[in-house]
>>> print(open('input.tsv').read())   # TSV, C-alpha atoms and all ligand atoms
chain	number	residue	atom	x	y	z
A	1	MET	CA	48.45	0.94	-58.76
A	2	ASN	CA	46.74	4.23	-57.98
A	3	ILE	CA	48.45	7.50	-58.81
A	4	LYS	CA	49.40	8.26	-55.21
A	5	ASP	CA	51.17	4.93	-54.69
A	6	ALA	CA	52.77	5.20	-58.12
A	7	ILE	CA	54.25	8.59	-57.17
A	8	LEU	CA	55.47	7.29	-53.82
A	9	ALA	CA	57.10	4.42	-55.69
A	10	GLY	CA	58.93	6.96	-57.87
A	11	ASN	CA	56.97	6.53	-61.10
A	12	VAL	CA	57.91	9.45	-63.37
A	13	ARG	CA	54.83	9.27	-65.56
A	14	ALA	CA	52.53	9.35	-62.56
A	15	ALA	CA	54.26	12.46	-61.21
A	16	ALA	CA	54.09	14.19	-64.60
A	17	LYS	CA	50.44	13.28	-64.92
A	18	LEU	CA	49.55	14.65	-61.51
A	19	MET	CA	51.37	17.90	-62.29
A	20	ARG	CA	49.40	18.31	-65.50
A	21	ARG	CA	46.17	17.72	-63.67
A	22	LEU	CA	47.19	20.27	-61.06
A	23	ASP	CA	47.84	22.77	-63.86
A	24	ASP	CA	44.28	22.21	-65.01
A	25	ARG	CA	43.07	22.90	-61.48
A	26	ASP	CA	41.60	19.44	-61.37
A	27	GLU	CA	40.00	18.97	-57.93
A	28	SER	CA	40.72	15.24	-57.86
A	29	ALA	CA	44.41	16.11	-58.22
A	30	ILE	CA	44.15	18.27	-55.09
A	31	ALA	CA	42.68	15.26	-53.30
A	32	ILE	CA	45.80	13.27	-54.22
A	33	LEU	CA	48.03	16.12	-52.99
A	34	LYS	CA	46.28	15.97	-49.63
A	35	GLU	CA	47.14	12.30	-49.33
A	36	LEU	CA	50.71	12.86	-50.47
A	37	TYR	CA	51.36	15.65	-48.02
A	38	ALA	CA	52.19	13.36	-45.09
A	39	HIS	CA	54.96	11.91	-47.26
A	40	THR	CA	56.63	15.26	-47.90
A	41	GLY	CA	59.10	17.28	-45.86
A	42	ARG	CA	62.09	15.13	-46.62
A	43	ALA	CA	63.56	17.05	-49.54
A	44	TYR	CA	66.07	19.84	-49.14
A	45	ILE	CA	64.87	22.90	-51.02
A	46	LEU	CA	67.34	25.23	-52.68
A	47	GLY	CA	66.29	28.54	-54.21
A	48	ILE	CA	68.22	30.25	-57.01
A	49	THR	CA	67.05	33.83	-57.46
A	50	GLY	CA	68.40	36.51	-59.74
A	51	PRO	CA	67.54	38.96	-62.52
A	52	PRO	CA	66.48	37.80	-66.00
A	53	GLY	CA	69.36	36.43	-68.00
A	54	ALA	CA	71.75	36.28	-65.03
A	55	GLY	CA	72.55	32.68	-65.86
A	56	LYS	CA	70.28	30.98	-63.33
A	57	SER	CA	69.37	28.08	-65.62
A	58	THR	CA	73.01	27.67	-66.60
A	59	LEU	CA	73.94	27.52	-62.93
A	60	VAL	CA	71.09	25.13	-62.12
A	61	ASP	CA	72.40	22.90	-64.87
A	62	CYS	CA	75.85	22.85	-63.23
A	63	LEU	CA	74.28	22.17	-59.84
A	64	ILE	CA	72.24	19.26	-61.21
A	65	SER	CA	75.45	17.66	-62.50
A	66	SER	CA	77.19	18.23	-59.23
A	67	PHE	CA	74.36	16.81	-57.09
A	68	ARG	CA	73.91	13.86	-59.44
A	69	LYS	CA	77.60	13.02	-58.99
A	70	LYS	CA	76.88	12.74	-55.29
A	71	GLY	CA	74.07	10.32	-56.09
A	72	LEU	CA	71.26	12.70	-55.13
A	73	ARG	CA	67.90	12.65	-56.88
A	74	VAL	CA	67.15	16.13	-58.17
A	75	GLY	CA	63.94	18.00	-58.94
A	76	VAL	CA	63.83	21.44	-60.53
A	77	VAL	CA	61.02	23.99	-60.66
A	78	ALA	CA	61.92	26.79	-63.08
A	79	ILE	CA	59.58	29.74	-62.90
A	80	ASP	CA	59.47	31.35	-66.28
A	81	PRO	CA	58.83	35.05	-65.94
A	82	THR	CA	57.54	35.31	-69.55
A	83	SER	CA	58.91	38.81	-69.55
A	84	PRO	CA	59.87	40.56	-72.79
A	85	PHE	CA	63.50	40.03	-71.77
A	86	SER	CA	63.30	36.31	-71.54
A	87	GLY	CA	60.93	35.21	-74.24
A	88	GLY	CA	61.23	31.53	-74.87
A	89	ALA	CA	62.74	30.87	-71.48
A	90	ILE	CA	60.91	27.57	-71.17
A	91	LEU	CA	62.50	26.35	-74.34
A	92	GLY	CA	65.80	27.81	-73.17
A	93	ASP	CA	65.61	25.98	-69.87
A	94	ARG	CA	64.77	22.76	-71.60
A	95	LEU	CA	67.64	23.09	-74.05
A	96	ARG	CA	70.08	24.09	-71.38
A	97	MET	CA	69.15	21.23	-69.13
A	98	MET	CA	68.68	18.78	-72.00
A	99	GLN	CA	71.76	16.82	-71.05
A	100	HIS	CA	69.79	15.68	-68.00
A	101	ALA	CA	66.65	14.81	-69.96
A	102	ASN	CA	67.42	11.13	-70.07
A	103	ASP	CA	68.49	10.89	-66.47
A	104	PRO	CA	65.64	9.14	-64.62
A	105	TYR	CA	66.76	10.77	-61.38
A	106	VAL	CA	66.28	14.32	-62.65
A	107	PHE	CA	62.86	15.89	-63.07
A	108	ILE	CA	62.58	19.40	-64.49
A	109	ARG	CA	59.36	21.37	-64.48
A	110	SER	CA	58.86	24.86	-65.92
A	111	LEU	CA	55.99	27.00	-64.67
A	112	ALA	CA	54.80	30.03	-66.57
A	113	THR	CA	53.79	33.14	-64.70
A	114	ARG	CA	51.65	34.36	-67.56
A	115	GLY	CA	47.98	33.99	-66.79
A	116	ALA	CA	48.73	32.54	-63.40
A	117	MET	CA	46.17	34.89	-61.77
A	118	GLY	CA	47.72	34.70	-58.35
A	119	GLY	CA	48.13	30.97	-58.64
A	120	LEU	CA	51.83	30.93	-59.30
A	121	SER	CA	52.85	30.43	-55.70
A	122	ARG	CA	50.37	27.67	-55.20
A	123	SER	CA	51.50	25.91	-58.35
A	124	THR	CA	55.05	26.08	-57.07
A	125	VAL	CA	54.05	24.75	-53.67
A	126	ASP	CA	52.14	21.93	-55.42
A	127	VAL	CA	55.05	20.95	-57.65
A	128	ILE	CA	57.46	20.99	-54.69
A	129	SER	CA	55.13	18.69	-52.77
A	130	VAL	CA	54.85	16.26	-55.67
A	131	LEU	CA	58.62	16.19	-56.19
A	132	ASP	CA	59.17	15.76	-52.47
A	133	ALA	CA	56.72	12.84	-52.17
A	134	PHE	CA	58.24	11.48	-55.34
A	135	GLY	CA	61.51	11.01	-53.46
A	136	LYS	CA	63.69	13.85	-54.66
A	137	ASP	CA	66.52	14.53	-52.24
A	138	ILE	CA	66.97	18.06	-53.44
A	139	ILE	CA	64.55	20.42	-55.15
A	140	ILE	CA	65.92	23.50	-56.86
A	141	ILE	CA	63.61	26.46	-57.47
A	142	GLU	CA	64.72	28.92	-60.14
A	143	THR	CA	63.02	32.30	-59.96
A	144	VAL	CA	63.73	35.87	-61.07
A	145	GLY	CA	62.68	37.09	-57.65
A	146	VAL	CA	60.95	40.17	-58.96
A	147	GLY	CA	57.65	40.95	-57.31
A	148	GLN	CA	56.21	39.93	-53.99
A	149	ASP	CA	54.89	36.61	-55.22
A	150	GLU	CA	58.28	35.37	-56.29
A	151	VAL	CA	60.05	36.66	-53.22
A	152	GLU	CA	57.57	34.73	-51.10
A	153	ILE	CA	58.26	31.58	-53.08
A	154	ALA	CA	61.97	32.02	-52.65
A	155	ARG	CA	61.42	32.09	-48.88
A	156	ILE	CA	60.08	28.55	-48.98
A	157	ALA	CA	63.61	27.35	-49.77
A	158	HIS	CA	65.82	26.10	-46.97
A	159	THR	CA	68.76	27.82	-48.61
A	160	SER	CA	68.44	30.84	-50.89
A	161	VAL	CA	71.17	31.64	-53.35
A	162	VAL	CA	70.85	35.17	-54.68
A	163	MET	CA	72.61	35.80	-57.94
A	164	THR	CA	73.79	38.90	-59.68
A	165	VAL	CA	76.03	39.70	-62.64
A	166	PRO	CA	78.54	42.46	-63.37
A	167	GLY	CA	77.41	45.50	-65.27
A	168	LEU	CA	73.76	45.69	-64.36
A	169	GLY	CA	74.29	49.42	-64.24
A	170	ASP	CA	73.17	49.58	-60.70
A	171	ASP	CA	74.87	46.80	-58.83
A	172	ILE	CA	72.62	47.09	-55.87
A	173	GLN	CA	69.39	46.98	-57.81
A	174	ALA	CA	68.80	43.40	-56.75
A	175	ILE	CA	69.12	44.44	-53.15
A	176	LYS	CA	66.64	47.23	-53.64
A	177	ALA	CA	64.15	44.77	-55.01
A	178	GLY	CA	64.18	43.17	-51.59
A	179	ILE	CA	65.80	39.88	-52.52
A	180	MET	CA	68.86	40.72	-50.49
A	181	GLU	CA	66.84	39.93	-47.41
A	182	ILE	CA	66.37	36.34	-48.45
A	183	ALA	CA	70.01	35.64	-49.37
A	184	ASP	CA	71.84	32.94	-47.45
A	185	ILE	CA	74.49	32.81	-50.14
A	186	TYR	CA	75.49	35.41	-52.69
A	187	VAL	CA	76.74	34.56	-56.16
A	188	ILE	CA	78.18	36.78	-58.85
A	189	ASN	CA	77.94	34.96	-62.14
A	190	LYS	CA	79.68	35.79	-65.43
A	191	ALA	CA	83.07	36.16	-63.77
A	192	ASP	CA	84.48	36.45	-67.31
A	193	ARG	CA	82.75	39.78	-67.81
A	194	ASP	CA	84.40	43.16	-67.37
A	195	GLY	CA	83.79	44.62	-63.97
A	196	ALA	CA	83.40	41.28	-62.20
A	197	ASN	CA	85.98	42.26	-59.60
A	198	LYS	CA	84.40	45.62	-59.00
A	199	THR	CA	81.03	43.97	-58.46
A	200	LEU	CA	82.72	41.52	-56.12
A	201	MET	CA	84.18	44.33	-54.06
A	202	ASP	CA	80.92	46.30	-54.03
A	203	ILE	CA	78.90	43.35	-52.84
A	204	ARG	CA	81.52	42.29	-50.32
A	205	LEU	CA	81.43	45.78	-48.86
A	206	MET	CA	77.67	45.73	-48.78
A	207	LEU	CA	77.64	42.36	-47.02
A	208	GLU	CA	80.13	43.62	-44.45
A	209	MET	CA	77.96	46.61	-43.71
A	210	LYS	CA	74.82	44.58	-43.41
A	211	GLU	CA	73.53	44.06	-39.91
A	212	HIS	CA	73.74	40.46	-38.83
A	213	ASP	CA	70.62	39.08	-37.29
A	214	SER	CA	72.01	35.56	-37.22
A	215	ASP	CA	75.37	33.88	-36.75
A	216	TRP	CA	75.43	32.79	-40.40
A	217	GLN	CA	77.94	34.84	-42.38
A	218	ILE	CA	76.62	35.20	-45.91
A	219	PRO	CA	79.37	33.90	-48.21
A	220	LEU	CA	80.03	35.40	-51.61
A	221	TYR	CA	81.13	33.37	-54.64
A	222	LEU	CA	82.34	34.44	-58.03
A	223	VAL	CA	81.40	31.86	-60.66
A	224	GLU	CA	81.35	31.36	-64.40
A	225	ALA	CA	78.39	29.05	-64.85
A	226	SER	CA	78.80	28.69	-68.61
A	227	ARG	CA	82.19	27.05	-68.05
A	228	GLY	CA	81.43	25.43	-64.73
A	229	LYS	CA	83.99	27.52	-62.89
A	230	GLY	CA	83.62	28.05	-59.15
A	231	ILE	CA	80.80	25.54	-58.87
A	232	ASP	CA	82.55	23.18	-56.43
A	233	GLU	CA	83.16	26.03	-54.01
A	234	LEU	CA	79.56	27.15	-54.32
A	235	VAL	CA	78.27	23.63	-53.71
A	236	ALA	CA	80.45	23.41	-50.61
A	237	GLY	CA	78.92	26.68	-49.42
A	238	ILE	CA	75.42	25.36	-50.05
A	239	GLU	CA	76.21	22.23	-48.06
A	240	ALA	CA	77.66	24.32	-45.25
A	241	HIS	CA	74.45	26.32	-45.06
A	242	ARG	CA	72.40	23.18	-45.04
A	243	GLU	CA	74.43	21.83	-42.14
A	244	TYR	CA	74.13	25.13	-40.30
A	245	LEU	CA	70.36	25.16	-40.77
A	246	PHE	CA	69.64	21.55	-39.94
A	247	HIS	CA	71.64	21.78	-36.71
A	248	HIS	CA	70.27	25.16	-35.76
A	249	PRO	CA	68.82	25.27	-32.23
A	250	ASN	CA	65.72	26.94	-33.68
A	251	PHE	CA	65.35	24.55	-36.59
A	252	ARG	CA	61.76	23.79	-35.69
A	253	ASP	CA	60.89	27.48	-35.75
A	254	ILE	CA	62.61	27.85	-39.11
A	255	LEU	CA	60.54	24.97	-40.51
A	256	ALA	CA	57.41	26.44	-38.96
A	257	GLU	CA	58.11	29.69	-40.82
A	258	LYS	CA	58.28	27.76	-44.12
A	259	ALA	CA	55.02	26.02	-43.25
A	260	ARG	CA	53.45	29.40	-42.49
A	261	ILE	CA	54.41	30.69	-45.94
A	262	GLN	CA	53.11	27.51	-47.56
A	263	LEU	CA	49.82	27.77	-45.74
A	264	ALA	CA	49.41	31.44	-46.62
A	265	GLU	CA	50.09	30.74	-50.30
A	266	VAL	CA	47.69	27.83	-50.45
A	267	ILE	CA	44.93	29.73	-48.65
A	268	LYS	CA	45.34	32.75	-50.92
A	269	ALA	CA	45.14	30.61	-54.03
A	270	ARG	CA	42.40	28.24	-52.91
A	271	LEU	CA	40.11	30.94	-51.55
A	272	PHE	CA	40.66	33.00	-54.63
A	273	GLU	CA	39.89	30.06	-56.90
A	274	ALA	CA	36.77	29.16	-54.94
A	275	ALA	CA	35.48	32.72	-54.95
A	276	TRP	CA	36.28	33.34	-58.59
A	277	GLN	CA	34.67	30.08	-59.67
A	278	ASP	CA	31.62	30.92	-57.62
A	279	LEU	CA	31.21	34.21	-59.47
A	280	GLN	CA	31.83	32.55	-62.82
A	281	GLN	CA	29.40	29.72	-62.25
A	282	GLN	CA	26.68	32.14	-61.33
A	283	GLY	CA	27.38	34.01	-64.53
A	284	GLN	CA	27.83	37.20	-62.54
A	285	LEU	CA	31.41	37.96	-63.35
A	286	PRO	CA	30.99	40.05	-66.55
A	287	ARG	CA	28.23	42.16	-65.00
A	288	ILE	CA	30.16	42.71	-61.75
A	289	ILE	CA	33.32	43.66	-63.60
A	290	GLU	CA	31.38	46.09	-65.78
A	291	GLN	CA	29.78	47.68	-62.72
A	292	ILE	CA	33.10	48.02	-60.95
A	293	SER	CA	34.56	49.58	-64.06
A	294	GLN	CA	31.64	52.07	-64.16
A	295	ARG	CA	32.07	52.72	-60.43
A	296	THR	CA	28.50	51.69	-59.69
A	297	LEU	CA	29.88	48.87	-57.56
A	298	ASP	CA	33.10	48.61	-55.53
A	299	PRO	CA	35.35	45.54	-55.38
A	300	TYR	CA	35.42	45.55	-51.55
A	301	SER	CA	31.70	44.96	-51.29
A	302	VAL	CA	31.88	42.10	-53.77
A	303	ALA	CA	34.72	40.50	-51.78
A	304	ASP	CA	32.81	40.96	-48.52
A	305	ALA	CA	29.68	39.40	-50.00
A	306	LEU	CA	31.73	36.42	-51.14
A	307	ILE	CA	33.28	36.03	-47.70
A	308	LEU	CA	29.84	36.01	-46.13
A	309	ARG	CA	28.72	33.35	-48.55
A	310	LEU	CA	31.75	31.16	-47.90
A	311	LYS	CA	31.57	31.58	-44.12
A	312	GLY	CA	30.06	29.08	-41.79
A	313	GLN	CA	30.00	26.18	-44.23
A	314	SER	CA	32.71	24.06	-42.68
A	315	SER	CA	35.38	23.88	-40.00
A	316	ILE	CA	38.74	22.18	-39.77
B	1	LIG	N1	79.64	35.27	-70.35
B	1	LIG	C1	78.91	34.43	-69.62
B	1	LIG	N2	77.66	34.12	-70.04
B	1	LIG	C2	76.94	33.29	-69.28
B	1	LIG	C3	77.44	32.71	-68.09
B	1	LIG	N3	76.47	31.94	-67.58
B	1	LIG	C4	75.40	32.02	-68.39
B	1	LIG	N4	75.67	32.83	-69.43
B	1	LIG	C5	74.81	33.17	-70.57
B	1	LIG	O1	73.80	34.06	-70.14
B	1	LIG	C6	72.61	33.84	-70.91
B	1	LIG	C7	71.43	33.64	-70.00
B	1	LIG	O2	71.61	32.42	-69.29
B	1	LIG	P1	70.41	31.68	-68.59
B	1	LIG	O3	71.02	30.55	-67.82
B	1	LIG	O4	69.31	31.38	-69.52
B	1	LIG	O5	69.92	32.81	-67.60
B	1	LIG	P2	68.61	32.82	-66.69
B	1	LIG	O6	68.97	33.66	-65.53
B	1	LIG	O7	68.15	31.43	-66.43
B	1	LIG	O8	67.59	33.57	-67.61
B	1	LIG	P3	65.99	33.67	-67.45
B	1	LIG	O9	65.50	32.34	-66.92
B	1	LIG	O10	65.51	33.99	-68.80
B	1	LIG	O11	65.78	34.79	-66.47
B	1	LIG	C8	72.87	32.64	-71.80
B	1	LIG	O12	73.23	33.10	-73.08
B	1	LIG	C9	74.04	31.97	-71.12
B	1	LIG	O13	74.84	31.22	-72.00
B	1	LIG	C10	78.78	33.03	-67.70
B	1	LIG	O14	79.31	32.59	-66.69
B	1	LIG	N5	79.46	33.90	-68.51
B	2	MG	MG	66.25	30.52	-66.75
>>> encode(input="input.tsv", output="structure tokens")
Amino acid sequence: MNIKDAILAGNVRAAAKLMRRLDDRDESAIAILKELYAHTGRAYILGITGPPGAGKSTLVDCLISSFRKKGLRVGVVAIDPTSPFSGGAILGDRLRMMQHANDPYVFIRSLATRGAMGGLSRSTVDVISVLDAFGKDIIIIETVGVGQDEVEIARIAHTSVVMTVPGLGDDIQAIKAGIMEIADIYVINKADRDGANKTLMDIRLMLEMKEHDSDWQIPLYLVEASRGKGIDELVAGIEAHREYLFHHPNFRDILAEKARIQLAEVIKARLFEAAWQDLQQQGQLPRIIEQISQRTLDPYSVADALILRLKGQSSI
């Protein structure tokens, strides 16, 4: 069986293999993705976004258990920020979700941001597509949501859960970072911590003051992920949002917006890769970088020259 059919038939090793080849930027893997694409669009995508150490992986772990109990097949994409605050997060995620390691209906993939060179969003889009074609009913994306790249990724989700914890010093820092805009559901984790109720009141107030541009009222949940407290209520809220979205009169427009983000991410990454490879293959990269550094050449002219070279070679 070829790799595409194996993935469509739910073969775990085939999916893992394709993901590895995508990591290596293997062009034949992209060809398989193109064929798989028509088989995607069935999975429900859930984003979990919050600051480093907020307990996202712990919560994802609880959610996996909960969705598995309902018989759903679950995929997870954990984006490891490789920040100084969360060193070893990949290992952490693996350990935390280890209880699901032997469950054939759970597939967990960690992606590192380090060295991604603008390719993080594309990698995420790729992994989501593979998991979707692979037959996952629900795909959870875990991201710290810091930086434009990650906020864009979070917007691919059908439902975005934004997480915070008590005692961040500045309770509205997450909002300032712009992730408030993407929240469909708000969660305060570490309910056992001092100040949980104050954070709850602060965020409730903030949500009340927020202008509503839709008829969805953003719910707020207080949970303790490490002990599985409040998870059932949260899952009910997630399901309610899913229902709301899938029966929304503008559902097609909402899906089109996700497709727009996907397309933008793939174009950014693919054009960048093509252009960068072009420079590398011609052995020009070190000289160009040196010249830019010396200000004898500007990066805009290099980009424009590349665009000219890429133009007019094909059409869709
Ligand atoms: N007190 C308390 N600790 C928690 C709770 N949930 C998670 N933690 C702890 O918080 C720490 C970070 O949890 P993670 O789940 O790794 O957090 P994360 O947001 O995935 O972290 P990064 O992926 O590194 O950004 C761990 O030590 C958890 O055990 C909770 O409800 N209460
Ligand atoms: Mg984590």
>>> residues_around(input="input.tsv", residues="Ile141 of chain A", least_positions_apart="3", cutoff="8 Å", atoms="all atoms listed in the file", output="number ranges by chain")
A: 45-48, 76-79, 154, 157
>>> closest_residue(input="input.tsv", among="A:Asp23, A:Glu224, A:Glu211, A:Asp137", to="ligand LIG 1 (chain B)", atoms="all atoms listed in the file")
A:Glu224
>>> residues_around(input="input.tsv", residues="Val223 of chain A", least_positions_apart="6", cutoff="6 Å", atoms="all atoms listed in the file", output="list in words")
Asn189, Ala191, Lys229 and Gly230 of chain A
>>> write_last_selection(input="input.tsv", atoms="C-alpha atoms", output="PDB file, keeping the file's coordinate frame")
ATOM      1  CA  ASN A 189      77.940  34.960 -62.140  1.00  0.00           C
ATOM      2  CA  ALA A 191      83.070  36.160 -63.770  1.00  0.00           C
ATOM      3  CA  LYS A 229      83.990  27.520 -62.890  1.00  0.00           C
ATOM      4  CA  GLY A 230      83.620  28.050 -59.150  1.00  0.00           C
TER       5      GLY A 230
END
>>> residues_around(input="input.tsv", residues="Glu243 of chain A", least_positions_apart="6", cutoff="12 Å", atoms="all atoms listed in the file", output="mmCIF file with C-alpha atoms, keeping the file's coordinate frame")
data_model
loop_
_atom_site.group_PDB
_atom_site.id
_atom_site.type_symbol
_atom_site.label_atom_id
_atom_site.label_comp_id
_atom_site.auth_asym_id
_atom_site.auth_seq_id
_atom_site.Cartn_x
_atom_site.Cartn_y
_atom_site.Cartn_z
ATOM 1 C CA TYR A 44 66.070 19.840 -49.140
ATOM 2 C CA HIS A 158 65.820 26.100 -46.970
ATOM 3 C CA THR A 159 68.760 27.820 -48.610
ATOM 4 C CA TRP A 216 75.430 32.790 -40.400
ATOM 5 C CA ALA A 236 80.450 23.410 -50.610
ATOM 6 C CA GLY A 237 78.920 26.680 -49.420
ATOM 7 C CA PRO A 249 68.820 25.270 -32.230
ATOM 8 C CA PHE A 251 65.350 24.550 -36.590
#
>>> residues_near_ligand(input="input.tsv", ligand="ligand LIG 1 (chain B)", cutoff="7 Å", atoms="all atoms listed in the file", output="MDAnalysis selection string")
chainID A and resid 50:59 80:81 86 89 92:93 144 189:193 223:227
>>> closest_residue(input="input.tsv", among="A:Ile140, A:Ile30, A:Val12, A:Ala112", to="Ala43 of chain A", atoms="only C-alpha atoms")
A:Ile140
>>> atom_distance(input="input.tsv", atom1="atom CA of Ile153 of chain A", atom2="atom CA of Ile185 of chain A")
16.5 Å
>>> closest_residue(input="input.tsv", among="A:Lys4, A:Arg155, A:Lys70, A:Arg21", to="Ala259 of chain A", atoms="all atoms listed in the file")
A:Arg155
>>> closest_residue(input="input.tsv", among="A:Ser110, A:Gln99, A:Thr49, A:Ser65", to="Glu152 of chain A", atoms="all atoms listed in the file")
A:Thr49
